[in-house]
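K.L.:
Please find one structure pasted underneath; my questions will follow.
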Amino acid sequence: MKNTGIWLDKRNAIIVQIEDDKETIEHITSNIDEGNAKGGARSSTPYGPQDVVSEKHMLERRKLQQKKYFQELISVINNPDQLLIFGPANTKKSLLGEIATHNELKDRPVFIENADSMTLPQIKAKVREFFKEQESRK
């Protein structure tokens, strides 16, 4: 049985896969723009007009970057039997929505939990303990 846990936020993800008591770990960086818009120009005239990058374009770029990030995560997890997604904020819920669009994953059990920032040993322990509890409930 292949169990996979993903700790993620909008900056990076740690993927822990457990199969036959062998553990593999991958780290993926999102490359999502977080802040200042790129582009735009200032007029050479003092207090003149400014060319500003539209908020709409900036949000659209972030959406595309997030979709690419999620596609990369989905390709790395490679068809797990069970999936645990945990981390801060709402990124995990957005990933769940993306997973629902993939036919090979939409019938798999997916669990979501809130979690703060964690160290790598804490992430590994969380994934192991979670799936041990799942096994004991069966």
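Ordering of the structure tokens sets the chain letters (A, B, ...); residue numbers start at 1 within each chain; ligands are numbered from 1 in the order shown.
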Could you pull the residues within 10 Å of Met1 of chain A, counting only C-alpha atoms, minus those fewer than 3 positions along the same chain, as a PyMOL selection string?
P.N.:
chain A and resi 4+18-21+80-82
K.L.:
If we count only C-alpha atoms and set the cut-off at 10 Å, which residues sit around Val127 of chain A, ignoring sequence neighbours fewer than 5 positions away in its own chain? Please answer as an MDAnalysis selection string.
P.N.:
chainID A and resid 3:7 15:18 83:86 122 132
K.L.:
Contacts of Pro88 of chain A at 6 Å or less, counting only C-alpha atoms, minus same-chain residues fewer than 2 places along, as number ranges by chain?
P.N.:
A: 114-116
K.L.:
Generate the output file for the selected residues, all heavy atoms, as a PDB file, in the first residue's frame.
P.N.:
```pdb
ATOM      1  N   ASN A 114      -5.382  20.745   9.335  1.00  0.00           N
ATOM      2  CA  ASN A 114      -4.647  21.989   9.549  1.00  0.00           C
ATOM      3  C   ASN A 114      -3.374  21.684  10.323  1.00  0.00           C
ATOM      4  O   ASN A 114      -3.370  20.824  11.203  1.00  0.00           O
ATOM      5  CB  ASN A 114      -5.487  22.988  10.341  1.00  0.00           C
ATOM      6  CG  ASN A 114      -6.648  23.505   9.546  1.00  0.00           C
ATOM      7  OD1 ASN A 114      -6.559  23.687   8.343  1.00  0.00           O
ATOM      8  ND2 ASN A 114      -7.770  23.727  10.208  1.00  0.00           N
ATOM      9  N   ALA A 115      -2.310  22.387   9.986  1.00  0.00           N
ATOM     10  CA  ALA A 115      -1.041  22.236  10.695  1.00  0.00           C
ATOM     11  C   ALA A 115      -0.238  23.511  10.509  1.00  0.00           C
ATOM     12  O   ALA A 115      -0.303  24.156   9.466  1.00  0.00           O
ATOM     13  CB  ALA A 115      -0.262  21.044  10.148  1.00  0.00           C
ATOM     14  N   ASP A 116       0.507  23.861  11.525  1.00  0.00           N
ATOM     15  CA  ASP A 116       1.388  25.020  11.435  1.00  0.00           C
ATOM     16  C   ASP A 116       2.670  24.626  10.724  1.00  0.00           C
ATOM     17  O   ASP A 116       2.816  23.512  10.243  1.00  0.00           O
ATOM     18  CB  ASP A 116       1.714  25.537  12.842  1.00  0.00           C
ATOM     19  CG  ASP A 116       0.510  26.222  13.472  1.00  0.00           C
ATOM     20  OD1 ASP A 116      -0.296  26.808  12.725  1.00  0.00           O
ATOM     21  OD2 ASP A 116       0.383  26.161  14.707  1.00  0.00           O
TER      22      ASP A 116
END
```
K.L.:
Name the residues in contact with Ile99 of chain A at a cut-off of 10 Å, using only C-alpha atoms, excluding same-chain residues fewer than 3 positions from it; report them as a list in words.
P.N.:
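After dropping sequence-adjacent residues, the list is Phe70, Gln71, Leu73, Ile74, Lys93, Ser94, Leu95, Leu96, His102, Asn103, Glu104, Leu105, Lys106, Asp107, Arg108 and Val110 of chain A.
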K.L.:
Check the DSSP output for the backbone and give back, as a PyMOL selection string, the residues of segment 60-116 of chain A in helix (DSSP H, G or I).
P.N.:
chain A and resi 60-77+91-99
K.L.:
Take the residues just selected and output them with C-alpha atoms as a PDB file, in the first residue's frame.
P.N.:
```pdb
ATOM      1  CA  GLU A  60      -4.204  35.647 -13.329  1.00  0.00           C
ATOM      2  CA  ARG A  61      -0.430  35.068 -13.373  1.00  0.00           C
ATOM      3  CA  ARG A  62      -0.549  33.788  -9.769  1.00  0.00           C
ATOM      4  CA  LYS A  63      -3.439  31.443 -10.651  1.00  0.00           C
ATOM      5  CA  LEU A  64      -1.459  29.972 -13.530  1.00  0.00           C
ATOM      6  CA  GLN A  65       1.637  29.611 -11.358  1.00  0.00           C
ATOM      7  CA  GLN A  66      -0.414  27.881  -8.638  1.00  0.00           C
ATOM      8  CA  LYS A  67      -1.931  25.497 -11.198  1.00  0.00           C
ATOM      9  CA  LYS A  68       1.558  24.615 -12.451  1.00  0.00           C
ATOM     10  CA  TYR A  69       2.692  24.043  -8.825  1.00  0.00           C
ATOM     11  CA  PHE A  70      -0.255  21.713  -8.170  1.00  0.00           C
ATOM     12  CA  GLN A  71       0.306  19.832 -11.452  1.00  0.00           C
ATOM     13  CA  GLU A  72       3.915  19.225 -10.415  1.00  0.00           C
ATOM     14  CA  LEU A  73       2.796  17.950  -6.991  1.00  0.00           C
ATOM     15  CA  ILE A  74       0.258  15.611  -8.578  1.00  0.00           C
ATOM     16  CA  SER A  75       2.840  14.211 -10.980  1.00  0.00           C
ATOM     17  CA  VAL A  76       5.245  13.529  -8.093  1.00  0.00           C
ATOM     18  CA  ILE A  77       2.736  11.757  -5.832  1.00  0.00           C
ATOM     19  CA  THR A  91      -3.547  26.172  -0.189  1.00  0.00           C
ATOM     20  CA  LYS A  92      -4.388  22.599   0.809  1.00  0.00           C
ATOM     21  CA  LYS A  93      -8.053  23.157  -0.109  1.00  0.00           C
ATOM     22  CA  SER A  94      -7.044  24.552  -3.488  1.00  0.00           C
ATOM     23  CA  LEU A  95      -4.895  21.454  -4.087  1.00  0.00           C
ATOM     24  CA  LEU A  96      -7.874  19.261  -3.180  1.00  0.00           C
ATOM     25  CA  GLY A  97      -9.897  21.025  -5.873  1.00  0.00           C
ATOM     26  CA  GLU A  98      -7.176  20.340  -8.425  1.00  0.00           C
ATOM     27  CA  ILE A  99      -6.980  16.671  -7.371  1.00  0.00           C
TER      28      ILE A  99
END
```
K.L.:
Take atom CA of Lys2 of chain A and atom CA of Ala89 of chain A and report the distance between them in Å, one decimal.
P.N.:
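Answer for the atom CA of Lys2 of chain A to atom CA of Ala89 of chain A separation: 26.3 Å.
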